[in-house]
Amino acid sequence: MALSVLSLNDLLTQSSYSEETINDLLFSFETIPSGQAQGANDVESFLRTKAIQFEKLDLSRTYLVMSTYQDTSFIFGYFSISNRPLVINRKNFKSLSKSLQKALMGVGHKTDQKAYEIKGYLLGQLGKNFNDVARKAKIATGSDILTLAYTKILEAYEVVGGRILYLECEDNDKIKDFYRKNGFRELEDFKSPNNLCLFVKKIEHITEE
């Protein structure tokens, strides 16, 4: 049961499927059962209610990770990325460790507003489907979805450059451990404007994997 990546933008602009049919597909994605982390609910909500709008506004690109189980095609997971620099205000930057400041300034610069800007890509969403079909299939892991996201990031990097891949996530040990195990570094004692934790990974480290 191989995984394939399907661009939501291609579905909307180049396929014969109606938007209603595409919406039905997106609504087949279910997150982990209620009562778990709020971030999981956000992952489900984004795909169901915001992904198409973001495509039309060119705010991000969403990719569906598809597979089949007993001749049934289903969404195994998805990821959403955007070409957006990471901007850290002076106060937050100064709160980082000296070693981390040095590492980030090696790939960024100070703006006229005395903030620090690092060119890169935002991994806005990454999620694994937990509907009945996906649960029964048990074909891959969240790390496999992340690896597919890396492929798209590197394609963009070859065209427009960039230095880092970064993401925001809630302060949840299981989620944070997942990204740490996949080579991301947390900006400790730092919260984004959305009061979320921030993780970064250099593009050069992706190319080495």
# chains A, B, ... in the order shown; residues from 1 in each chain; ligands from 1
>>> select_by_dssp(residues="segment 20-186 of chain A", states="alpha helix (DSSP H)", output="compact mmCIF listing (two decimals) with all heavy atoms, in the first residue's frame")
# COMPACT_ATOMS: atom_id res chain seq x y z
N GLU A 20 -17.59 20.50 -4.23
CA GLU A 20 -18.39 19.74 -3.26
C GLU A 20 -17.79 18.35 -3.05
O GLU A 20 -17.69 17.87 -1.91
CB GLU A 20 -19.83 19.62 -3.74
CG GLU A 20 -20.73 18.85 -2.76
CD GLU A 20 -22.16 18.74 -3.24
OE1 GLU A 20 -22.46 19.23 -4.35
OE2 GLU A 20 -22.99 18.17 -2.51
N THR A 21 -17.39 17.71 -4.14
CA THR A 21 -16.78 16.38 -4.04
C THR A 21 -15.45 16.46 -3.30
O THR A 21 -15.13 15.59 -2.47
CB THR A 21 -16.56 15.79 -5.44
OG1 THR A 21 -17.82 15.65 -6.09
CG2 THR A 21 -15.88 14.43 -5.35
N ILE A 22 -14.68 17.50 -3.58
CA ILE A 22 -13.40 17.67 -2.89
C ILE A 22 -13.63 17.91 -1.41
O ILE A 22 -12.91 17.37 -0.56
CB ILE A 22 -12.61 18.84 -3.52
CG1 ILE A 22 -12.25 18.49 -4.98
CG2 ILE A 22 -11.35 19.14 -2.73
CD1 ILE A 22 -11.66 19.65 -5.75
N ASN A 23 -14.65 18.69 -1.09
CA ASN A 23 -14.99 18.92 0.32
C ASN A 23 -15.34 17.62 1.02
O ASN A 23 -14.96 17.40 2.17
CB ASN A 23 -16.15 19.91 0.43
CG ASN A 23 -15.70 21.31 0.78
OD1 ASN A 23 -14.87 21.50 1.66
ND2 ASN A 23 -16.24 22.30 0.09
N ASP A 24 -16.07 16.76 0.34
CA ASP A 24 -16.43 15.47 0.93
C ASP A 24 -15.18 14.66 1.25
O ASP A 24 -15.10 14.01 2.29
CB ASP A 24 -17.33 14.68 -0.03
CG ASP A 24 -18.73 15.26 -0.14
OD1 ASP A 24 -19.12 16.03 0.76
OD2 ASP A 24 -19.42 14.93 -1.12
N LEU A 25 -14.21 14.73 0.35
CA LEU A 25 -12.94 14.03 0.60
C LEU A 25 -12.24 14.59 1.82
O LEU A 25 -11.77 13.85 2.69
CB LEU A 25 -12.04 14.15 -0.64
CG LEU A 25 -10.61 13.58 -0.50
CD1 LEU A 25 -10.65 12.08 -0.26
CD2 LEU A 25 -9.79 13.91 -1.74
N LEU A 26 -12.18 15.91 1.91
CA LEU A 26 -11.49 16.55 3.05
C LEU A 26 -12.20 16.23 4.36
O LEU A 26 -11.54 16.06 5.40
CB LEU A 26 -11.42 18.06 2.84
CG LEU A 26 -10.69 18.54 1.58
CD1 LEU A 26 -10.60 20.06 1.57
CD2 LEU A 26 -9.31 17.92 1.46
N GLN A 38 -5.58 19.91 21.89
CA GLN A 38 -6.31 20.88 21.08
C GLN A 38 -5.72 21.01 19.69
O GLN A 38 -6.42 21.21 18.71
CB GLN A 38 -6.31 22.25 21.77
CG GLN A 38 -7.00 23.35 20.97
CD GLN A 38 -8.46 23.06 20.69
OE1 GLN A 38 -9.14 22.52 21.54
NE2 GLN A 38 -8.92 23.41 19.50
N GLY A 39 -4.41 20.87 19.58
CA GLY A 39 -3.77 20.99 18.29
C GLY A 39 -4.29 20.00 17.28
O GLY A 39 -4.37 20.29 16.08
N ALA A 40 -4.66 18.81 17.73
CA ALA A 40 -5.21 17.81 16.83
C ALA A 40 -6.53 18.30 16.24
O ALA A 40 -6.82 18.10 15.07
CB ALA A 40 -5.41 16.49 17.56
N ASN A 41 -7.36 18.95 17.07
CA ASN A 41 -8.61 19.51 16.58
C ASN A 41 -8.34 20.61 15.54
O ASN A 41 -9.09 20.74 14.57
CB ASN A 41 -9.43 20.07 17.74
CG ASN A 41 -9.85 19.00 18.72
OD1 ASN A 41 -10.12 17.86 18.33
ND2 ASN A 41 -9.91 19.34 20.00
N ASP A 42 -7.30 21.38 15.75
CA ASP A 42 -6.94 22.42 14.79
C ASP A 42 -6.53 21.82 13.45
O ASP A 42 -6.85 22.38 12.39
CB ASP A 42 -5.79 23.28 15.34
CG ASP A 42 -6.20 24.11 16.55
OD1 ASP A 42 -7.42 24.31 16.73
OD2 ASP A 42 -5.32 24.53 17.30
N VAL A 43 -5.83 20.70 13.48
CA VAL A 43 -5.41 20.03 12.25
C VAL A 43 -6.63 19.59 11.45
O VAL A 43 -6.69 19.76 10.23
CB VAL A 43 -4.51 18.82 12.58
CG1 VAL A 43 -4.29 17.95 11.34
CG2 VAL A 43 -3.16 19.30 13.11
N GLU A 44 -7.60 19.02 12.11
CA GLU A 44 -8.84 18.60 11.44
C GLU A 44 -9.62 19.80 10.93
O GLU A 44 -10.09 19.81 9.78
CB GLU A 44 -9.70 17.80 12.41
CG GLU A 44 -11.03 17.34 11.81
CD GLU A 44 -11.88 16.58 12.80
OE1 GLU A 44 -11.57 15.40 13.06
OE2 GLU A 44 -12.84 17.17 13.33
N SER A 45 -9.75 20.82 11.75
CA SER A 45 -10.52 22.01 11.38
C SER A 45 -9.91 22.72 10.18
O SER A 45 -10.64 23.17 9.28
CB SER A 45 -10.61 22.97 12.57
OG SER A 45 -11.27 24.17 12.21
N ALA A 51 -8.53 24.99 4.32
CA ALA A 51 -7.52 24.61 3.33
C ALA A 51 -7.87 25.13 1.94
O ALA A 51 -7.01 25.69 1.24
CB ALA A 51 -7.34 23.10 3.31
N ILE A 52 -9.12 24.96 1.52
CA ILE A 52 -9.51 25.41 0.18
C ILE A 52 -9.41 26.92 0.07
O ILE A 52 -8.91 27.46 -0.93
CB ILE A 52 -10.94 24.92 -0.15
CG1 ILE A 52 -10.94 23.40 -0.36
CG2 ILE A 52 -11.49 25.64 -1.39
CD1 ILE A 52 -12.30 22.82 -0.66
N GLN A 53 -9.85 27.62 1.10
CA GLN A 53 -9.77 29.09 1.09
C GLN A 53 -8.32 29.55 1.01
O GLN A 53 -7.98 30.47 0.26
CB GLN A 53 -10.43 29.66 2.34
CG GLN A 53 -10.38 31.19 2.40
CD GLN A 53 -10.93 31.74 3.71
OE1 GLN A 53 -11.13 31.00 4.66
NE2 GLN A 53 -11.17 33.03 3.74
N PHE A 54 -7.44 28.90 1.76
CA PHE A 54 -6.02 29.27 1.75
C PHE A 54 -5.40 29.02 0.38
O PHE A 54 -4.52 29.77 -0.07
CB PHE A 54 -5.26 28.49 2.83
CG PHE A 54 -5.32 29.13 4.19
CD1 PHE A 54 -6.50 29.69 4.68
CD2 PHE A 54 -4.20 29.17 5.00
CE1 PHE A 54 -6.56 30.27 5.93
CE2 PHE A 54 -4.25 29.75 6.26
CZ PHE A 54 -5.43 30.32 6.72
N GLU A 55 -5.85 27.97 -0.31
CA GLU A 55 -5.37 27.71 -1.67
C GLU A 55 -5.78 28.84 -2.60
O GLU A 55 -4.97 29.35 -3.38
CB GLU A 55 -5.94 26.39 -2.19
CG GLU A 55 -5.43 25.15 -1.51
CD GLU A 55 -3.99 24.83 -1.81
OE1 GLU A 55 -3.47 25.28 -2.85
OE2 GLU A 55 -3.36 24.11 -1.02
N LYS A 56 -7.04 29.24 -2.51
CA LYS A 56 -7.55 30.27 -3.41
C LYS A 56 -6.89 31.62 -3.16
O LYS A 56 -6.72 32.42 -4.09
CB LYS A 56 -9.07 30.39 -3.25
CG LYS A 56 -9.84 29.17 -3.74
CD LYS A 56 -11.33 29.33 -3.53
CE LYS A 56 -12.10 28.15 -4.10
NZ LYS A 56 -13.56 28.28 -3.89
N ARG A 90 13.00 41.65 18.89
CA ARG A 90 14.27 41.81 19.60
C ARG A 90 14.21 41.22 21.01
O ARG A 90 15.13 40.52 21.44
CB ARG A 90 14.62 43.30 19.68
CG ARG A 90 15.92 43.61 20.44
CD ARG A 90 16.16 45.10 20.52
NE ARG A 90 17.33 45.40 21.32
CZ ARG A 90 18.57 45.44 20.86
NH1 ARG A 90 18.80 45.18 19.58
NH2 ARG A 90 19.59 45.72 21.64
N LYS A 91 13.11 41.47 21.73
CA LYS A 91 12.99 40.99 23.10
C LYS A 91 13.05 39.47 23.16
O LYS A 91 13.78 38.89 23.98
CB LYS A 91 11.68 41.49 23.73
CG LYS A 91 11.47 41.03 25.16
CD LYS A 91 10.16 41.57 25.72
CE LYS A 91 9.93 41.08 27.14
NZ LYS A 91 8.64 41.58 27.69
N ASN A 92 12.29 38.82 22.29
CA ASN A 92 12.29 37.35 22.29
C ASN A 92 13.62 36.79 21.82
O ASN A 92 14.09 35.77 22.33
CB ASN A 92 11.16 36.83 21.39
CG ASN A 92 9.80 36.96 22.03
OD1 ASN A 92 9.67 36.92 23.25
ND2 ASN A 92 8.77 37.13 21.23
N PHE A 93 14.24 37.46 20.87
CA PHE A 93 15.53 36.98 20.36
C PHE A 93 16.57 37.03 21.48
O PHE A 93 17.37 36.10 21.64
CB PHE A 93 15.98 37.82 19.17
CG PHE A 93 17.21 37.29 18.49
CD1 PHE A 93 17.11 36.30 17.53
CD2 PHE A 93 18.47 37.76 18.83
CE1 PHE A 93 18.24 35.79 16.92
CE2 PHE A 93 19.61 37.27 18.22
CZ PHE A 93 19.49 36.27 17.25
N LYS A 94 16.57 38.10 22.25
CA LYS A 94 17.56 38.25 23.32
C LYS A 94 17.33 37.24 24.45
O LYS A 94 18.25 36.96 25.23
CB LYS A 94 17.51 39.67 23.88
CG LYS A 94 17.98 40.73 22.89
CD LYS A 94 19.41 40.50 22.43
CE LYS A 94 19.89 41.60 21.50
NZ LYS A 94 21.27 41.33 21.00
N LYS A 98 22.75 32.07 23.94
CA LYS A 98 23.75 32.66 23.06
C LYS A 98 24.07 31.73 21.88
O LYS A 98 24.26 32.19 20.75
CB LYS A 98 25.03 32.96 23.84
CG LYS A 98 24.87 34.04 24.90
CD LYS A 98 24.51 35.39 24.28
CE LYS A 98 24.42 36.47 25.35
NZ LYS A 98 24.04 37.79 24.76
N SER A 99 24.13 30.43 22.16
CA SER A 99 24.44 29.48 21.09
C SER A 99 23.34 29.45 20.04
O SER A 99 23.62 29.36 18.83
CB SER A 99 24.65 28.08 21.67
OG SER A 99 23.47 27.60 22.29
N LEU A 100 22.09 29.56 20.49
CA LEU A 100 20.98 29.55 19.54
C LEU A 100 20.91 30.86 18.77
O LEU A 100 20.62 30.88 17.57
CB LEU A 100 19.66 29.28 20.28
CG LEU A 100 18.43 29.02 19.41
CD1 LEU A 100 18.73 27.94 18.36
CD2 LEU A 100 17.26 28.59 20.27
N GLN A 101 21.19 31.97 19.46
CA GLN A 101 21.25 33.26 18.76
C GLN A 101 22.28 33.20 17.63
O GLN A 101 22.02 33.64 16.50
CB GLN A 101 21.62 34.38 19.73
CG GLN A 101 20.53 34.78 20.70
CD GLN A 101 20.97 35.94 21.59
OE1 GLN A 101 21.79 36.77 21.20
NE2 GLN A 101 20.43 35.99 22.80
N LYS A 102 23.44 32.65 17.94
CA LYS A 102 24.51 32.56 16.95
C LYS A 102 24.10 31.67 15.78
O LYS A 102 24.35 31.99 14.61
CB LYS A 102 25.77 32.01 17.61
CG LYS A 102 26.97 31.95 16.67
CD LYS A 102 28.20 31.45 17.42
CE LYS A 102 29.40 31.38 16.48
NZ LYS A 102 30.62 30.88 17.21
N ALA A 103 23.43 30.56 16.10
CA ALA A 103 23.01 29.63 15.05
C ALA A 103 21.99 30.28 14.13
O ALA A 103 22.05 30.14 12.91
CB ALA A 103 22.42 28.37 15.68
N LEU A 104 21.04 31.02 14.71
CA LEU A 104 20.00 31.66 13.90
C LEU A 104 20.55 32.83 13.11
O LEU A 104 20.17 33.04 11.96
CB LEU A 104 18.85 32.11 14.80
CG LEU A 104 17.97 31.00 15.38
CD1 LEU A 104 16.95 31.57 16.34
CD2 LEU A 104 17.27 30.22 14.28
N MET A 105 21.41 33.63 13.70
CA MET A 105 21.94 34.80 12.98
C MET A 105 22.85 34.38 11.84
O MET A 105 23.10 35.15 10.91
CB MET A 105 22.68 35.73 13.93
CG MET A 105 21.72 36.59 14.75
SD MET A 105 20.45 37.41 13.76
CE MET A 105 21.43 38.49 12.73
N ASP A 132 -11.89 5.32 10.33
CA ASP A 132 -11.90 3.86 10.43
C ASP A 132 -11.00 3.18 9.41
O ASP A 132 -10.26 2.25 9.74
CB ASP A 132 -13.35 3.34 10.27
CG ASP A 132 -14.22 3.66 11.47
OD1 ASP A 132 -13.65 3.94 12.55
OD2 ASP A 132 -15.46 3.64 11.33
N VAL A 133 -11.05 3.66 8.17
CA VAL A 133 -10.24 3.04 7.11
C VAL A 133 -8.76 3.22 7.41
O VAL A 133 -7.97 2.27 7.31
CB VAL A 133 -10.58 3.64 5.73
CG1 VAL A 133 -9.65 3.08 4.66
CG2 VAL A 133 -12.03 3.35 5.38
N ALA A 134 -8.36 4.44 7.78
CA ALA A 134 -6.96 4.72 8.06
C ALA A 134 -6.46 3.90 9.25
O ALA A 134 -5.31 3.42 9.26
CB ALA A 134 -6.76 6.20 8.30
N ARG A 135 -7.30 3.75 10.26
CA ARG A 135 -6.90 2.96 11.43
C ARG A 135 -6.65 1.50 11.06
O ARG A 135 -5.70 0.87 11.54
CB ARG A 135 -7.98 3.04 12.51
CG ARG A 135 -8.03 4.35 13.28
CD ARG A 135 -9.26 4.35 14.19
NE ARG A 135 -9.37 5.57 14.95
CZ ARG A 135 -8.86 5.74 16.18
NH1 ARG A 135 -8.18 4.75 16.74
NH2 ARG A 135 -9.01 6.87 16.83
N LYS A 136 -7.52 0.96 10.20
CA LYS A 136 -7.38 -0.44 9.81
C LYS A 136 -6.16 -0.65 8.92
O LYS A 136 -5.51 -1.69 8.97
CB LYS A 136 -8.65 -0.90 9.09
CG LYS A 136 -9.87 -0.98 9.99
CD LYS A 136 -11.12 -1.33 9.17
CE LYS A 136 -12.35 -1.37 10.06
NZ LYS A 136 -13.59 -1.62 9.27
N ALA A 137 -5.87 0.34 8.08
CA ALA A 137 -4.76 0.19 7.13
C ALA A 137 -3.40 0.10 7.83
O ALA A 137 -2.57 -0.74 7.48
CB ALA A 137 -4.77 1.35 6.14
N GLY A 142 3.60 9.10 11.19
CA GLY A 142 3.68 10.55 11.02
C GLY A 142 5.00 10.98 10.45
O GLY A 142 5.08 11.95 9.69
N SER A 143 6.06 10.26 10.77
CA SER A 143 7.39 10.57 10.22
C SER A 143 7.41 10.38 8.71
O SER A 143 8.13 11.10 8.00
CB SER A 143 8.46 9.70 10.88
OG SER A 143 8.59 10.02 12.25
N ASP A 144 6.64 9.42 8.21
CA ASP A 144 6.57 9.21 6.76
C ASP A 144 5.91 10.41 6.08
O ASP A 144 6.32 10.81 4.99
CB ASP A 144 5.78 7.93 6.45
CG ASP A 144 6.49 6.69 6.93
OD1 ASP A 144 7.71 6.59 6.74
OD2 ASP A 144 5.83 5.82 7.53
N ILE A 145 4.89 10.98 6.71
CA ILE A 145 4.24 12.18 6.16
C ILE A 145 5.23 13.34 6.17
O ILE A 145 5.33 14.10 5.20
CB ILE A 145 2.99 12.54 6.98
CG1 ILE A 145 1.98 11.39 6.96
CG2 ILE A 145 2.34 13.82 6.44
CD1 ILE A 145 0.76 11.62 7.85
N LEU A 146 5.99 13.46 7.25
CA LEU A 146 6.98 14.53 7.34
C LEU A 146 8.04 14.39 6.25
O LEU A 146 8.46 15.39 5.65
CB LEU A 146 7.62 14.51 8.72
CG LEU A 146 8.62 15.62 9.05
CD1 LEU A 146 7.96 17.00 8.91
CD2 LEU A 146 9.16 15.45 10.47
N THR A 147 8.45 13.18 5.97
CA THR A 147 9.44 12.95 4.90
C THR A 147 8.90 13.40 3.55
O THR A 147 9.62 13.99 2.74
CB THR A 147 9.82 11.46 4.85
OG1 THR A 147 10.45 11.09 6.08
CG2 THR A 147 10.79 11.19 3.70
N LEU A 148 7.63 13.16 3.29
CA LEU A 148 7.01 13.61 2.05
C LEU A 148 6.95 15.13 2.01
O LEU A 148 7.11 15.74 0.95
CB LEU A 148 5.61 13.01 1.91
CG LEU A 148 5.57 11.49 1.71
CD1 LEU A 148 4.13 10.98 1.79
CD2 LEU A 148 6.19 11.09 0.38
N ALA A 149 6.71 15.75 3.15
CA ALA A 149 6.71 17.22 3.22
C ALA A 149 8.10 17.75 2.89
O ALA A 149 8.23 18.77 2.19
CB ALA A 149 6.28 17.69 4.61
N TYR A 150 9.14 17.08 3.36
CA TYR A 150 10.51 17.50 3.06
C TYR A 150 10.74 17.56 1.55
O TYR A 150 11.42 18.45 1.03
CB TYR A 150 11.52 16.53 3.67
CG TYR A 150 11.67 16.59 5.16
CD1 TYR A 150 12.22 15.52 5.87
CD2 TYR A 150 11.26 17.71 5.89
CE1 TYR A 150 12.38 15.55 7.23
CE2 TYR A 150 11.41 17.75 7.27
CZ TYR A 150 11.97 16.67 7.94
OH TYR A 150 12.12 16.70 9.30
N THR A 151 10.19 16.59 0.83
CA THR A 151 10.36 16.55 -0.62
C THR A 151 9.84 17.82 -1.26
O THR A 151 10.48 18.42 -2.14
CB THR A 151 9.65 15.32 -1.21
OG1 THR A 151 10.21 14.13 -0.65
CG2 THR A 151 9.80 15.29 -2.73
N LYS A 152 8.67 18.28 -0.83
CA LYS A 152 8.09 19.50 -1.38
C LYS A 152 8.88 20.73 -0.95
O LYS A 152 9.06 21.67 -1.74
CB LYS A 152 6.62 19.64 -0.94
CG LYS A 152 5.70 18.59 -1.54
CD LYS A 152 5.69 18.67 -3.06
CE LYS A 152 4.79 17.62 -3.69
NZ LYS A 152 4.83 17.68 -5.18
N ILE A 153 9.35 20.72 0.27
CA ILE A 153 10.17 21.83 0.76
C ILE A 153 11.44 21.96 -0.08
O ILE A 153 11.84 23.06 -0.49
CB ILE A 153 10.54 21.63 2.24
CG1 ILE A 153 9.30 21.76 3.14
CG2 ILE A 153 11.61 22.63 2.68
CD1 ILE A 153 8.70 23.12 3.20
N LEU A 154 12.08 20.84 -0.37
CA LEU A 154 13.31 20.87 -1.14
C LEU A 154 13.06 21.29 -2.59
O LEU A 154 13.91 21.94 -3.21
CB LEU A 154 14.00 19.51 -1.09
CG LEU A 154 14.55 19.11 0.29
CD1 LEU A 154 15.14 17.71 0.26
CD2 LEU A 154 15.59 20.11 0.78
N GLU A 155 11.90 20.94 -3.13
CA GLU A 155 11.55 21.41 -4.47
C GLU A 155 11.45 22.93 -4.49
O GLU A 155 11.94 23.59 -5.42
CB GLU A 155 10.23 20.79 -4.92
CG GLU A 155 10.32 19.29 -5.24
CD GLU A 155 8.97 18.70 -5.58
OE1 GLU A 155 7.96 19.45 -5.62
OE2 GLU A 155 8.91 17.47 -5.80
N ALA A 156 10.82 23.49 -3.48
CA ALA A 156 10.70 24.95 -3.38
C ALA A 156 12.06 25.59 -3.15
O ALA A 156 12.38 26.64 -3.71
CB ALA A 156 9.73 25.32 -2.26
N TYR A 157 12.87 24.94 -2.32
CA TYR A 157 14.21 25.45 -2.03
C TYR A 157 15.06 25.57 -3.29
O TYR A 157 15.80 26.55 -3.47
CB TYR A 157 14.88 24.53 -1.01
CG TYR A 157 16.36 24.74 -0.84
CD1 TYR A 157 16.84 25.84 -0.13
CD2 TYR A 157 17.27 23.85 -1.39
CE1 TYR A 157 18.21 26.04 0.02
CE2 TYR A 157 18.63 24.04 -1.24
CZ TYR A 157 19.10 25.14 -0.54
OH TYR A 157 20.44 25.33 -0.39
N GLU A 158 14.94 24.60 -4.16
CA GLU A 158 15.72 24.63 -5.41
C GLU A 158 15.32 25.81 -6.28
O GLU A 158 16.12 26.32 -7.06
CB GLU A 158 15.53 23.32 -6.17
CG GLU A 158 16.19 22.11 -5.53
CD GLU A 158 17.70 22.26 -5.43
OE1 GLU A 158 18.29 22.84 -6.36
OE2 GLU A 158 18.28 21.79 -4.44
N VAL A 159 14.07 26.26 -6.17
CA VAL A 159 13.56 27.34 -7.02
C VAL A 159 13.83 28.72 -6.41
O VAL A 159 14.30 29.64 -7.10
CB VAL A 159 12.05 27.18 -7.27
CG1 VAL A 159 11.50 28.36 -8.07
CG2 VAL A 159 11.77 25.87 -8.00
N VAL A 160 13.55 28.88 -5.10
CA VAL A 160 13.61 30.22 -4.50
C VAL A 160 14.57 30.33 -3.32
O VAL A 160 14.74 31.41 -2.75
CB VAL A 160 12.21 30.69 -4.05
CG1 VAL A 160 11.27 30.77 -5.23
CG2 VAL A 160 11.63 29.77 -2.98
N ASP A 173 4.00 17.29 25.34
CA ASP A 173 5.23 16.50 25.33
C ASP A 173 5.30 15.52 24.17
O ASP A 173 6.35 15.34 23.55
CB ASP A 173 5.39 15.75 26.65
CG ASP A 173 5.74 16.67 27.82
OD1 ASP A 173 6.22 17.79 27.55
OD2 ASP A 173 5.52 16.28 28.97
N LYS A 174 4.19 14.86 23.86
CA LYS A 174 4.19 13.86 22.80
C LYS A 174 4.47 14.52 21.44
O LYS A 174 5.26 14.00 20.64
CB LYS A 174 2.84 13.14 22.75
CG LYS A 174 2.78 12.01 21.73
CD LYS A 174 1.48 11.26 21.82
CE LYS A 174 1.44 10.11 20.81
NZ LYS A 174 0.15 9.35 20.89
N ILE A 175 3.84 15.65 21.19
CA ILE A 175 4.04 16.35 19.93
C ILE A 175 5.47 16.89 19.84
O ILE A 175 6.15 16.75 18.82
CB ILE A 175 3.04 17.51 19.78
CG1 ILE A 175 1.61 16.95 19.71
CG2 ILE A 175 3.33 18.34 18.54
CD1 ILE A 175 0.54 18.01 19.75
N LYS A 176 5.95 17.48 20.93
CA LYS A 176 7.29 18.05 20.93
C LYS A 176 8.36 16.97 20.77
O LYS A 176 9.34 17.16 20.05
CB LYS A 176 7.50 18.85 22.21
CG LYS A 176 6.64 20.11 22.27
CD LYS A 176 6.59 20.72 23.66
CE LYS A 176 7.91 21.31 24.07
NZ LYS A 176 7.81 22.05 25.36
N ASP A 177 8.15 15.82 21.40
CA ASP A 177 9.10 14.71 21.26
C ASP A 177 9.15 14.22 19.81
O ASP A 177 10.21 13.83 19.31
CB ASP A 177 8.72 13.55 22.18
CG ASP A 177 9.07 13.82 23.64
OD1 ASP A 177 9.85 14.77 23.90
OD2 ASP A 177 8.56 13.10 24.51
N PHE A 178 7.99 14.23 19.14
CA PHE A 178 7.94 13.81 17.74
C PHE A 178 8.85 14.67 16.88
O PHE A 178 9.65 14.16 16.09
CB PHE A 178 6.50 13.88 17.23
CG PHE A 178 6.38 13.72 15.73
CD1 PHE A 178 6.44 12.46 15.16
CD2 PHE A 178 6.20 14.82 14.91
CE1 PHE A 178 6.33 12.30 13.77
CE2 PHE A 178 6.10 14.68 13.53
CZ PHE A 178 6.16 13.41 12.96
N TYR A 179 8.77 15.98 17.06
CA TYR A 179 9.58 16.87 16.24
C TYR A 179 11.05 16.83 16.65
O TYR A 179 11.95 16.93 15.80
CB TYR A 179 9.02 18.29 16.28
CG TYR A 179 7.75 18.41 15.48
CD1 TYR A 179 6.53 18.66 16.08
CD2 TYR A 179 7.77 18.23 14.09
CE1 TYR A 179 5.36 18.74 15.34
CE2 TYR A 179 6.61 18.32 13.34
CZ TYR A 179 5.41 18.56 13.97
OH TYR A 179 4.26 18.63 13.22
N ARG A 180 11.33 16.67 17.92
CA ARG A 180 12.72 16.54 18.35
C ARG A 180 13.36 15.30 17.73
O ARG A 180 14.49 15.34 17.25
CB ARG A 180 12.80 16.45 19.88
CG ARG A 180 12.49 17.75 20.62
CD ARG A 180 12.87 17.63 22.07
NE ARG A 180 12.44 18.77 22.86
CZ ARG A 180 11.37 18.79 23.66
NH1 ARG A 180 10.63 17.68 23.78
NH2 ARG A 180 11.04 19.86 24.34
N LYS A 181 12.63 14.18 17.74
CA LYS A 181 13.16 12.94 17.17
C LYS A 181 13.38 13.06 15.67
O LYS A 181 14.16 12.31 15.09
CB LYS A 181 12.20 11.79 17.48
CG LYS A 181 12.19 11.38 18.94
CD LYS A 181 11.16 10.30 19.21
CE LYS A 181 11.15 9.92 20.69
NZ LYS A 181 10.11 8.90 20.99
>>> residues_around(residues="segment 60-72 of chain A", least_positions_apart="2", cutoff="7 Å", atoms="only C-alpha atoms", output="list of chain:residue names")
A:Met1, A:Ala2, A:Leu3, A:Ser4, A:Val5, A:Leu6, A:Ser7, A:Leu8, A:Ala51, A:Phe54, A:Glu55, A:Asp58, A:Phe74, A:Ile75, A:Phe76, A:Gly77, A:Tyr78, A:Phe79, A:Ser80, A:Ile81, A:Ser82, A:Ala137
>>> write_last_selection(atoms="N, CA and C atoms", output="tab-separated table (two decimals), in the first residue's frame")
chain	number	residue	atom	x	y	z
A	1	MET	N	0.85	-1.20	0.00
A	1	MET	CA	0.00	0.00	0.00
A	1	MET	C	0.88	1.24	0.00
A	2	ALA	N	1.24	1.70	-1.17
A	2	ALA	CA	2.14	2.84	-1.29
A	2	ALA	C	1.42	4.15	-0.98
A	3	LEU	N	2.22	5.15	-0.61
A	3	LEU	CA	1.70	6.48	-0.38
A	3	LEU	C	1.94	7.34	-1.61
A	4	SER	N	1.01	8.21	-1.92
A	4	SER	CA	1.18	9.17	-3.00
A	4	SER	C	0.74	10.53	-2.51
A	5	VAL	N	1.31	11.57	-3.11
A	5	VAL	CA	1.01	12.94	-2.69
A	5	VAL	C	0.17	13.62	-3.76
A	6	LEU	N	-0.95	14.18	-3.33
A	6	LEU	CA	-1.90	14.83	-4.23
A	6	LEU	C	-2.04	16.29	-3.83
A	7	SER	N	-1.78	17.18	-4.76
A	7	SER	CA	-1.89	18.62	-4.48
A	7	SER	C	-3.35	19.04	-4.44
A	8	LEU	N	-3.75	19.70	-3.36
A	8	LEU	CA	-5.11	20.20	-3.27
A	8	LEU	C	-5.35	21.26	-4.34
A	51	ALA	N	-8.53	24.99	4.32
A	51	ALA	CA	-7.52	24.61	3.33
A	51	ALA	C	-7.87	25.13	1.94
A	54	PHE	N	-7.44	28.90	1.76
A	54	PHE	CA	-6.02	29.27	1.75
A	54	PHE	C	-5.40	29.02	0.38
A	55	GLU	N	-5.85	27.97	-0.31
A	55	GLU	CA	-5.37	27.71	-1.67
A	55	GLU	C	-5.78	28.84	-2.60
A	58	ASP	N	-3.81	31.87	-2.08
A	58	ASP	CA	-2.37	31.64	-2.21
A	58	ASP	C	-1.62	31.89	-0.90
A	74	PHE	N	-8.16	6.47	0.25
A	74	PHE	CA	-8.42	7.30	1.42
A	74	PHE	C	-7.24	8.23	1.70
A	75	ILE	N	-7.52	9.30	2.45
A	75	ILE	CA	-6.47	10.21	2.91
A	75	ILE	C	-5.76	9.57	4.09
A	76	PHE	N	-4.48	9.30	3.94
A	76	PHE	CA	-3.71	8.79	5.07
A	76	PHE	C	-3.32	9.94	6.00
A	77	GLY	N	-2.98	11.08	5.41
A	77	GLY	CA	-2.59	12.25	6.18
A	77	GLY	C	-2.45	13.44	5.24
A	78	TYR	N	-1.96	14.53	5.76
A	78	TYR	CA	-1.75	15.71	4.92
A	78	TYR	C	-0.75	16.64	5.57
A	79	PHE	N	-0.25	17.57	4.75
A	79	PHE	CA	0.60	18.63	5.29
A	79	PHE	C	0.35	19.90	4.50
A	80	SER	N	0.62	21.02	5.14
A	80	SER	CA	0.42	22.34	4.53
A	80	SER	C	1.67	23.16	4.75
A	81	ILE	N	2.17	23.80	3.68
A	81	ILE	CA	3.39	24.59	3.79
A	81	ILE	C	3.19	25.96	3.14
A	82	SER	N	3.97	26.93	3.59
A	82	SER	CA	3.93	28.26	2.98
A	82	SER	C	5.32	28.86	3.00
A	137	ALA	N	-5.87	0.34	8.08
A	137	ALA	CA	-4.76	0.19	7.13
A	137	ALA	C	-3.40	0.10	7.83
